[in-house]
$ cat upload.csv   # CSV, C-alpha atoms
chain,number,residue,atom,x,y,z
A,784,MET,CA,-22.0,-110.3,38.9
A,785,ALA,CA,-21.7,-107.2,41.0
A,786,ALA,CA,-24.5,-106.2,43.2
A,787,SER,CA,-26.5,-102.9,42.5
A,788,PRO,CA,-26.0,-100.1,44.9
A,789,PRO,CA,-28.7,-99.4,47.4
A,790,GLN,CA,-31.6,-97.2,46.1
A,791,HIS,CA,-31.0,-94.4,48.6
A,792,LEU,CA,-27.4,-93.9,47.3
A,793,LEU,CA,-28.4,-93.0,43.7
A,794,PRO,CA,-28.5,-89.2,42.7
A,795,HIS,CA,-31.9,-87.6,42.9
A,796,HIS,CA,-33.3,-85.8,39.9
A,797,PRO,CA,-36.5,-84.1,40.8
A,798,ARG,CA,-39.0,-83.3,38.0
A,799,ALA,CA,-38.7,-79.6,37.0
A,800,ASP,CA,-41.6,-77.3,38.1
A,801,PRO,CA,-43.1,-75.6,34.9
A,802,ARG,CA,-44.3,-72.6,36.9
A,803,ARG,CA,-40.9,-71.9,38.5
A,804,LEU,CA,-39.2,-72.2,35.1
A,805,SER,CA,-41.6,-69.8,33.5
A,806,HIS,CA,-41.0,-67.3,36.3
A,807,ARG,CA,-37.2,-67.5,35.8
A,808,LEU,CA,-37.5,-67.0,32.1
A,809,THR,CA,-39.7,-63.9,32.6
A,810,ILE,CA,-37.1,-62.4,35.0
A,811,ALA,CA,-34.3,-63.1,32.6
A,812,SER,CA,-36.2,-61.5,29.7
A,813,SER,CA,-36.9,-58.5,31.8
A,814,LEU,CA,-33.3,-58.1,32.8
A,815,SER,CA,-32.2,-58.4,29.2
A,816,LEU,CA,-34.7,-55.8,28.1
A,817,LEU,CA,-33.6,-53.5,30.9
A,818,CYS,CA,-29.9,-53.8,29.9
A,819,CYS,CA,-30.7,-53.1,26.3
A,820,SER,CA,-32.7,-50.0,27.3
A,821,LEU,CA,-29.8,-48.8,29.5
A,822,VAL,CA,-27.3,-49.3,26.6
A,823,TYR,CA,-29.5,-47.4,24.2
A,824,LEU,CA,-30.1,-44.6,26.7
A,825,LEU,CA,-26.4,-44.2,27.5
A,826,SER,CA,-25.5,-44.3,23.8
A,827,GLY,CA,-28.0,-41.5,23.0
A,828,LEU,CA,-26.7,-39.3,25.8
A,829,CYS,CA,-23.1,-39.7,24.7
A,830,ALA,CA,-24.0,-38.9,21.1
A,831,SER,CA,-26.1,-35.9,22.2
A,832,GLU,CA,-23.2,-34.6,24.3
A,833,LEU,CA,-20.7,-35.0,21.5
A,834,THR,CA,-23.1,-33.2,19.1
A,835,ASP,CA,-23.6,-30.3,21.5
A,836,ARG,CA,-19.9,-30.0,22.1
A,837,ASN,CA,-19.2,-30.0,18.4
A,838,GLU,CA,-21.8,-27.3,17.9
A,839,LEU,CA,-20.5,-25.1,20.7
A,840,ARG,CA,-16.8,-25.6,20.0
A,841,PRO,CA,-15.4,-23.3,17.3
A,842,SER,CA,-13.6,-25.0,14.5
A,843,THR,CA,-9.8,-24.9,14.2
A,844,ARG,CA,-10.2,-22.4,11.3
A,845,ASP,CA,-12.4,-20.1,13.6
A,846,LEU,CA,-9.7,-20.2,16.3
A,847,LEU,CA,-6.9,-19.2,13.9
A,848,PRO,CA,-6.4,-15.5,13.1
A,849,ALA,CA,-7.3,-14.5,9.6
A,850,GLN,CA,-4.1,-14.5,7.5
A,851,ASP,CA,-2.7,-15.0,4.1
A,852,SER,CA,-0.9,-18.0,2.7
A,853,ASN,CA,2.3,-16.7,4.1
A,854,SER,CA,0.9,-16.5,7.7
A,855,SER,CA,1.8,-12.9,8.0
A,856,GLY,CA,-1.3,-11.8,9.8
A,857,ARG,CA,-3.2,-10.5,6.8
A,858,GLU,CA,-6.8,-10.9,6.0
A,859,TRP,CA,-7.6,-13.6,3.5
A,860,THR,CA,-9.9,-11.5,1.4
A,861,ALA,CA,-8.6,-8.4,-0.4
A,862,SER,CA,-10.7,-5.3,-0.3
A,863,ARG,CA,-10.6,-1.7,-1.5
A,864,LYS,CA,-9.4,0.8,1.1
A,865,LEU,CA,-8.6,4.5,1.2
A,866,PRO,CA,-4.9,5.2,0.8
A,867,GLN,CA,-2.6,5.3,3.7
A,868,ALA,CA,0.1,7.1,1.8
A,869,LEU,CA,0.3,9.6,-1.0
A,870,ILE,CA,3.0,10.8,-3.4
A,871,ILE,CA,1.9,14.4,-3.6
A,872,GLY,CA,4.6,15.9,-5.8
A,873,VAL,CA,6.3,17.3,-7.6
A,874,LYS,CA,5.6,17.3,-11.3
A,875,LYS,CA,8.8,16.3,-13.3
A,876,GLY,CA,10.5,15.5,-10.0
A,877,GLY,CA,10.6,11.7,-10.4
A,878,THR,CA,7.2,10.7,-9.0
A,879,ARG,CA,6.5,8.1,-11.7
A,880,ALA,CA,9.9,6.5,-11.2
A,881,LEU,CA,9.4,6.4,-7.4
A,882,LEU,CA,5.9,4.8,-7.8
A,883,GLU,CA,7.1,2.2,-10.2
A,884,PHE,CA,10.1,1.3,-8.0
A,885,LEU,CA,7.8,1.1,-4.9
A,886,ARG,CA,5.4,-1.2,-6.7
A,887,LEU,CA,8.1,-3.9,-6.5
A,888,HIS,CA,7.4,-4.2,-2.8
A,889,PRO,CA,4.9,-7.0,-2.0
A,890,ASP,CA,3.4,-4.9,0.9
A,891,ILE,CA,2.5,-1.9,-1.4
A,892,ARG,CA,-0.6,-1.7,-3.6
A,893,ALA,CA,-0.4,1.4,-5.7
A,894,LEU,CA,-2.8,2.9,-8.3
A,895,GLY,CA,-1.0,3.2,-11.6
A,896,SER,CA,-2.9,6.2,-12.9
A,897,GLU,CA,-3.3,9.6,-11.3
A,898,PRO,CA,-6.8,10.0,-9.8
A,899,HIS,CA,-6.6,13.7,-9.1
A,900,PHE,CA,-9.3,13.3,-6.4
A,901,PHE,CA,-8.3,16.1,-4.1
A,902,ASP,CA,-7.7,18.7,-6.8
A,903,ARG,CA,-10.2,17.9,-9.5
A,904,HIS,CA,-12.7,15.2,-8.4
A,905,TYR,CA,-13.3,16.0,-4.8
A,906,ALA,CA,-17.0,16.4,-5.3
A,907,ARG,CA,-17.3,12.8,-6.3
A,908,GLY,CA,-16.8,11.8,-2.6
A,909,LEU,CA,-14.7,9.3,-0.8
A,910,ASP,CA,-16.7,6.2,-1.9
A,911,TRP,CA,-15.8,7.0,-5.5
A,912,TYR,CA,-12.2,7.6,-4.4
A,913,ARG,CA,-12.1,4.2,-2.6
A,914,SER,CA,-13.5,2.5,-5.7
A,915,MET,CA,-10.5,3.7,-7.7
A,916,MET,CA,-8.0,2.0,-5.4
A,917,PRO,CA,-6.5,-1.4,-6.0
A,918,LYS,CA,-7.7,-4.3,-3.8
A,919,ALA,CA,-5.3,-5.0,-0.9
A,920,LEU,CA,-4.9,-7.5,1.8
A,921,GLY,CA,-4.7,-6.6,5.5
A,922,GLY,CA,-1.2,-5.3,6.2
A,923,GLN,CA,-0.6,-4.0,2.7
A,924,ILE,CA,-0.2,-0.2,2.2
A,925,VAL,CA,-2.5,1.4,-0.4
A,926,MET,CA,-1.1,4.5,-2.1
A,927,GLU,CA,-1.5,6.7,-5.2
A,928,LYS,CA,0.4,9.6,-6.7
A,929,THR,CA,-0.9,12.8,-8.1
A,930,PRO,CA,1.9,15.5,-8.3
A,931,ARG,CA,-0.6,18.3,-8.6
A,932,TYR,CA,-1.6,17.8,-4.9
A,933,PHE,CA,1.5,19.5,-3.6
A,934,VAL,CA,0.7,22.9,-5.3
A,935,THR,CA,-3.1,22.9,-5.0
A,936,VAL,CA,-4.2,25.3,-2.3
A,937,ASP,CA,-7.2,23.3,-1.0
A,938,THR,CA,-5.6,19.9,-1.0
A,939,PRO,CA,-3.9,19.8,2.4
A,940,ALA,CA,-7.1,20.4,4.3
A,941,ARG,CA,-9.0,17.9,2.1
A,942,VAL,CA,-6.4,15.2,2.7
A,943,HIS,CA,-6.4,16.0,6.4
A,944,ALA,CA,-10.2,15.6,6.5
A,945,MET,CA,-9.8,12.1,5.1
A,946,SER,CA,-7.0,11.0,7.4
A,947,GLN,CA,-4.9,12.8,10.0
A,948,ASP,CA,-2.4,10.0,10.0
A,949,ILE,CA,-1.7,9.6,6.3
A,950,LYS,CA,1.9,9.5,5.2
A,951,LEU,CA,2.9,12.0,2.6
A,952,ILE,CA,5.8,11.7,0.1
A,953,VAL,CA,7.3,14.6,-2.0
A,954,VAL,CA,10.0,14.1,-4.6
A,955,VAL,CA,11.8,17.4,-5.0
A,956,ARG,CA,14.4,18.4,-7.7
A,957,ASP,CA,16.5,21.4,-8.5
A,958,PRO,CA,13.7,23.9,-9.4
A,959,VAL,CA,15.6,25.3,-12.4
A,960,THR,CA,16.2,21.8,-13.9
A,961,ARG,CA,12.6,20.9,-13.0
A,962,ALA,CA,11.2,23.9,-14.9
A,963,ILE,CA,13.2,23.1,-18.0
A,964,SER,CA,12.0,19.5,-17.9
A,965,ASP,CA,8.5,20.8,-17.5
A,966,TYR,CA,8.8,23.1,-20.5
A,967,THR,CA,10.4,20.2,-22.5
A,968,GLN,CA,7.2,18.1,-21.9
A,969,ILE,CA,4.9,21.1,-22.7
A,970,ILE,CA,6.6,21.8,-26.0
A,971,SER,CA,6.5,18.2,-27.0
A,972,LYS,CA,2.7,18.4,-26.9
A,973,THR,CA,2.3,22.0,-28.1
A,974,PRO,CA,5.4,22.8,-30.3
A,975,ASP,CA,4.1,26.3,-31.3
A,976,ILE,CA,4.4,27.9,-27.9
A,977,PRO,CA,6.9,30.7,-27.3
A,978,PRO,CA,10.4,30.0,-26.2
A,979,PHE,CA,11.2,29.3,-22.6
A,980,GLU,CA,13.2,32.5,-22.3
A,981,THR,CA,10.1,34.5,-23.4
A,982,LEU,CA,7.7,32.8,-21.0
A,983,ALA,CA,10.1,33.0,-18.0
A,984,PHE,CA,10.2,36.8,-17.8
A,985,LYS,CA,7.5,39.4,-17.2
A,986,ASN,CA,9.9,42.1,-18.5
A,987,HIS,CA,13.0,41.2,-20.4
A,988,THR,CA,14.4,44.8,-20.0
A,989,THR,CA,14.3,44.7,-16.2
A,990,GLY,CA,14.8,40.9,-16.0
A,991,GLN,CA,11.7,40.4,-13.8
A,992,ILE,CA,10.9,36.7,-13.4
A,993,ASP,CA,7.3,35.6,-14.0
A,994,SER,CA,7.0,33.5,-10.9
A,995,LEU,CA,3.3,32.8,-11.7
A,996,TRP,CA,4.2,30.9,-14.9
A,997,SER,CA,3.4,27.3,-13.9
A,998,PRO,CA,6.9,25.7,-14.6
A,999,LEU,CA,8.5,28.3,-12.3
A,1000,TRP,CA,5.7,28.6,-9.8
A,1001,ILE,CA,5.8,24.8,-9.0
A,1002,GLY,CA,9.5,25.2,-8.0
A,1003,LEU,CA,8.6,27.6,-5.1
A,1004,TYR,CA,8.7,24.6,-2.8
A,1005,ALA,CA,8.8,26.6,0.5
A,1006,GLN,CA,5.6,28.3,-0.4
A,1007,HIS,CA,3.8,25.1,-1.0
A,1008,MET,CA,5.4,23.2,1.8
A,1009,GLU,CA,4.2,25.9,4.3
A,1010,ARG,CA,0.6,25.0,3.5
A,1011,TRP,CA,1.1,21.3,4.2
A,1012,LEU,CA,2.9,22.0,7.4
A,1013,ALA,CA,-0.1,24.0,8.6
A,1014,TRP,CA,-2.1,20.7,8.5
A,1015,PHE,CA,0.5,17.9,9.1
A,1016,PRO,CA,3.6,17.5,11.3
A,1017,ARG,CA,6.9,17.4,9.5
A,1018,ALA,CA,7.4,13.8,10.6
A,1019,GLN,CA,4.5,12.7,8.3
A,1020,ILE,CA,6.1,14.3,5.3
A,1021,HIS,CA,9.0,12.5,3.7
A,1022,LEU,CA,11.1,14.3,1.1
A,1023,VAL,CA,12.9,12.4,-1.7
A,1024,SER,CA,15.8,13.9,-3.6
A,1025,GLY,CA,15.0,13.6,-7.3
A,1026,GLU,CA,18.7,13.8,-8.0
A,1027,ARG,CA,19.6,10.9,-5.7
A,1028,LEU,CA,16.7,8.9,-6.9
A,1029,ILE,CA,18.6,8.8,-10.2
A,1030,SER,CA,22.2,8.4,-8.8
A,1031,ASP,CA,21.3,6.1,-5.9
A,1032,PRO,CA,17.8,4.7,-6.4
A,1033,ALA,CA,18.2,1.9,-3.8
A,1034,GLY,CA,19.4,4.4,-1.2
A,1035,GLU,CA,16.4,6.6,-1.7
A,1036,LEU,CA,14.0,3.6,-1.8
A,1037,GLY,CA,15.4,2.4,1.4
A,1038,LYS,CA,14.6,5.6,3.2
A,1039,VAL,CA,11.0,5.6,1.8
A,1040,GLN,CA,10.5,2.0,2.9
A,1041,ASP,CA,11.7,3.0,6.4
A,1042,PHE,CA,9.3,5.9,6.4
A,1043,LEU,CA,6.4,3.6,5.4
A,1044,GLY,CA,7.4,1.1,8.2
A,1045,LEU,CA,8.2,-1.6,5.7
A,1046,GLN,CA,11.0,-4.1,5.5
A,1047,ARG,CA,13.7,-3.0,3.0
A,1048,ILE,CA,12.9,-5.4,0.2
A,1049,VAL,CA,13.6,-3.2,-2.8
A,1050,THR,CA,17.4,-2.9,-2.9
A,1051,ASP,CA,20.2,-2.3,-5.3
A,1052,LYS,CA,19.8,-5.8,-6.8
A,1053,HIS,CA,16.7,-4.5,-8.5
A,1054,PHE,CA,18.3,-1.7,-10.6
A,1055,TYR,CA,20.8,-1.1,-13.3
A,1056,PHE,CA,21.7,2.3,-14.9
A,1057,ASN,CA,20.6,2.8,-18.5
A,1058,LYS,CA,23.3,5.0,-20.1
A,1059,THR,CA,21.2,5.8,-23.1
A,1060,LYS,CA,18.3,7.3,-21.0
A,1061,GLY,CA,20.6,8.5,-18.2
A,1062,PHE,CA,18.2,6.9,-15.8
A,1063,PRO,CA,18.0,3.8,-13.6
A,1064,CYS,CA,15.8,1.0,-14.9
A,1065,LEU,CA,14.6,-2.2,-13.3
A,1066,LYS,CA,16.4,-5.4,-14.0
A,1067,LYS,CA,14.5,-8.2,-15.8
A,1068,PRO,CA,11.5,-9.2,-13.7
A,1069,GLU,CA,11.0,-12.9,-13.1
A,1070,GLY,CA,9.3,-14.5,-16.1
A,1071,SER,CA,10.2,-11.6,-18.4
A,1072,SER,CA,12.9,-11.5,-21.1
A,1073,LYS,CA,13.4,-7.7,-21.0
A,1074,PRO,CA,14.3,-5.2,-18.4
A,1075,HIS,CA,11.7,-2.6,-17.4
A,1076,CYS,CA,12.5,1.1,-18.1
A,1077,LEU,CA,10.1,4.0,-17.9
A,1078,GLY,CA,8.4,5.3,-21.0
A,1079,LYS,CA,9.9,7.5,-23.8
A,1080,THR,CA,8.7,10.6,-22.0
A,1081,LYS,CA,11.0,9.9,-19.1
A,1082,GLY,CA,14.7,10.8,-19.2
A,1083,ARG,CA,14.4,12.6,-22.5
A,1084,THR,CA,16.8,15.3,-23.6
A,1085,HIS,CA,15.9,18.8,-22.4
A,1086,VAL,CA,15.6,21.7,-24.7
A,1087,SER,CA,18.6,24.0,-24.7
A,1088,ILE,CA,18.2,27.2,-22.7
A,1089,ASP,CA,20.3,30.4,-22.7
A,1090,PRO,CA,22.9,30.1,-19.9
A,1091,GLU,CA,22.3,33.7,-18.8
A,1092,VAL,CA,18.6,32.9,-18.3
A,1093,VAL,CA,19.5,29.8,-16.3
A,1094,GLN,CA,21.8,31.8,-14.1
A,1095,LYS,CA,19.1,34.4,-13.5
A,1096,LEU,CA,16.7,31.7,-12.5
A,1097,ARG,CA,19.2,30.2,-10.1
A,1098,ASP,CA,19.6,33.7,-8.5
A,1099,PHE,CA,15.9,34.0,-8.3
A,1100,TYR,CA,15.4,30.6,-6.6
A,1101,ARG,CA,18.3,30.8,-4.2
A,1102,PRO,CA,16.5,32.5,-1.3
A,1103,HIS,CA,13.4,30.3,-1.8
A,1104,ASN,CA,15.6,27.2,-1.7
A,1105,GLN,CA,17.3,28.3,1.5
A,1106,ARG,CA,13.9,28.8,3.1
A,1107,PHE,CA,12.9,25.4,1.9
A,1108,TYR,CA,16.0,23.8,3.3
A,1109,GLN,CA,15.2,25.2,6.7
A,1110,MET,CA,11.7,23.8,6.6
A,1111,ALA,CA,12.9,20.4,5.4
A,1112,GLY,CA,15.8,20.2,7.8
A,1113,GLN,CA,18.2,19.2,5.0
A,1114,ASP,CA,20.2,20.9,2.3
A,1115,PHE,CA,19.6,19.4,-1.2
A,1116,GLY,CA,22.6,21.1,-2.6
A,1117,TRP,CA,21.0,23.0,-5.5
A,1118,GLN,CA,23.1,25.8,-6.9

$ encode --input "upload.csv" --output "structure tokens"
Amino acid sequence: MAASPPQHLLPHHPRADPRRLSHRLTIASSLSLLCCSLVYLLSGLCASELTDRNELRPSTRDLLPAQDSNSSGREWTASRKLPQALIIGVKKGGTRALLEFLRLHPDIRALGSEPHFFDRHYARGLDWYRSMMPKALGGQIVMEKTPRYFVTVDTPARVHAMSQDIKLIVVVRDPVTRAISDYTQIISKTPDIPPFETLAFKNHTTGQIDSLWSPLWIGLYAQHMERWLAWFPRAQIHLVSGERLISDPAGELGKVQDFLGLQRIVTDKHFYFNKTKGFPCLKKPEGSSKPHCLGKTKGRTHVSIDPEVVQKLRDFYRPHNQRFYQMAGQDFGWQ
């Protein structure tokens, strides 16, 4: 049997001191509590910093410019604004056709009716006038047409008081043809009025023209244009040929779009010539089964006028037309 090792070679296990053990546990608990406190404090600071940053930092939407769904720089919300362009004349020149054609353009917002603000309702004020306008996004041009503006004496100054930068459009047409068209419309509403030949002359014996008769007075374009040029530079007035608006609507619309600073979106693909009306019409809009032509009052047959009377009117207008050509800087080719 093997002998036991000597007592002094065995491992020594001293009895644990209770006080020392308690002291160590207290220190460990304190360190744990301190660590938890530090973690809590640091977590709170980080959360606070993130919250502050989120509150101070603008959202992505705030950093982006206001724009429409096409990202073209327009405001999201449509609002009513005063017009930036006006079709001011002339009656029976083709203003309705021009307005309807321009309304095809997505950057044009046009009032369909004639508000007659500057000639009849000026006392209602600009707030009333603005309320009449269609809502528009930023970047869209608001416009309206009232042909009477061109011939009303007070209108140029009133328009200028509203806006010195407004763009003005005038559709002009052979004044003799325009007068006959005007009379045709009048007689359709009041068939008992005297014949055109009677109303056109002050004195049939001498052949003196009654230039104050409205259908003839409107055609004195130079006289009316002179008033507008006293308030606006020629560059702010665009003249549309009523004849070419019929024969080449896309060409005339292209010039108007250029004048308004717009992309040429309305082109010849939008038109076809209606042989029955003798007038261009719009091809079938998307979602529609029928093409769009102007109403029955447009393109109707004119009343027949004595050829001698027509020639006298052409002789009367010739010097007025020449003066207008000089103002306009273009020859419209009227006989």

$ residues_around --input "upload.csv" --residues "region 1032-1041 of chain A" --least-positions-apart "6" --cutoff "10 Å" --atoms "all atoms listed in the file" --output "VMD selection string"
chain A and resid 880 to 881 884 to 885 888 891 952 1021 to 1026 1047 to 1056 1062 to 1064

$ atom_distance --input "upload.csv" --atom1 "CA of Gln1109 (chain A)" --atom2 "CA of Glu1009 (chain A)"
11.3 Å

$ atom_distance --input "upload.csv" --atom1 "CA of Ile924 (chain A)" --atom2 "CA of Ala868 (chain A)"
7.3 Å

$ atom_distance --input "upload.csv" --atom1 "CA of Trp1011 (chain A)" --atom2 "CA of Lys928 (chain A)"
16.0 Å

$ residues_around --input "upload.csv" --residues "Gly1116 (chain A)" --least-positions-apart "4" --cutoff "12 Å" --atoms "only C-alpha atoms" --output "list in words"
Val955, Arg956, Asp957, Pro958, Ser1024, Gly1025, Glu1026, Arg1027, Arg1101, Asn1104, Gln1105, Phe1107 and Tyr1108 of chain A

$ closest_residue --input "upload.csv" --among "A:Tyr1004, A:Tyr1100, A:Phe979, A:Tyr966" --to "Thr1084 (chain A)" --atoms "all atoms listed in the file"
A:Tyr966

$ residues_around --input "upload.csv" --residues "Glu897 (chain A)" --least-positions-apart "4" --cutoff "12 Å" --atoms "all atoms listed in the file" --output "PyMOL selection string"
chain A and resi 869-872+874+878-879+882+893+901-904+912+915-916+926-932

$ closest_residue --input "upload.csv" --among "A:Leu865, A:Ala906, A:Ala962, A:Ala944" --to "Leu894 (chain A)" --atoms "all atoms listed in the file"
A:Leu865

$ closest_residue --input "upload.csv" --among "A:Asp948, A:Asp890, A:Glu1091, A:Asp965" --to "Ile1020 (chain A)" --atoms "only C-alpha atoms"
A:Asp948

$ build_atoms --input "upload.csv" --residues "region 1051-1065 of chain A" --atoms "N, CA and C atoms" --output "CSV table (one decimal), keeping the file's coordinate frame"
chain,number,residue,atom,x,y,z
A,1051,ASP,N,19.4,-2.5,-4.1
A,1051,ASP,CA,20.2,-2.3,-5.3
A,1051,ASP,C,20.2,-3.4,-6.3
A,1052,LYS,N,19.9,-4.6,-5.9
A,1052,LYS,CA,19.8,-5.8,-6.8
A,1052,LYS,C,18.7,-5.6,-7.9
A,1053,HIS,N,17.8,-4.7,-7.6
A,1053,HIS,CA,16.7,-4.5,-8.5
A,1053,HIS,C,17.0,-3.5,-9.7
A,1054,PHE,N,18.1,-2.8,-9.6
A,1054,PHE,CA,18.3,-1.7,-10.6
A,1054,PHE,C,19.6,-1.9,-11.4
A,1055,TYR,N,19.5,-1.3,-12.6
A,1055,TYR,CA,20.8,-1.1,-13.3
A,1055,TYR,C,20.6,0.3,-14.0
A,1056,PHE,N,21.7,0.9,-14.3
A,1056,PHE,CA,21.7,2.3,-14.9
A,1056,PHE,C,21.7,2.2,-16.4
A,1057,ASN,N,20.7,2.8,-17.1
A,1057,ASN,CA,20.6,2.8,-18.5
A,1057,ASN,C,21.3,4.1,-19.0
A,1058,LYS,N,22.5,3.9,-19.6
A,1058,LYS,CA,23.3,5.0,-20.1
A,1058,LYS,C,22.6,5.8,-21.2
A,1059,THR,N,21.8,5.1,-22.0
A,1059,THR,CA,21.2,5.8,-23.1
A,1059,THR,C,20.1,6.8,-22.6
A,1060,LYS,N,19.3,6.4,-21.6
A,1060,LYS,CA,18.3,7.3,-21.0
A,1060,LYS,C,18.9,8.2,-19.9
A,1061,GLY,N,20.1,7.7,-19.4
A,1061,GLY,CA,20.6,8.5,-18.2
A,1061,GLY,C,19.7,8.3,-17.0
A,1062,PHE,N,19.2,7.1,-16.8
A,1062,PHE,CA,18.2,6.9,-15.8
A,1062,PHE,C,18.2,5.5,-15.3
A,1063,PRO,N,18.0,5.2,-14.0
A,1063,PRO,CA,18.0,3.8,-13.6
A,1063,PRO,C,16.7,3.1,-14.1
A,1064,CYS,N,16.9,1.8,-14.4
A,1064,CYS,CA,15.8,1.0,-14.9
A,1064,CYS,C,15.8,-0.3,-14.0
A,1065,LEU,N,14.7,-1.0,-14.1
A,1065,LEU,CA,14.6,-2.2,-13.3
A,1065,LEU,C,15.1,-3.4,-14.1
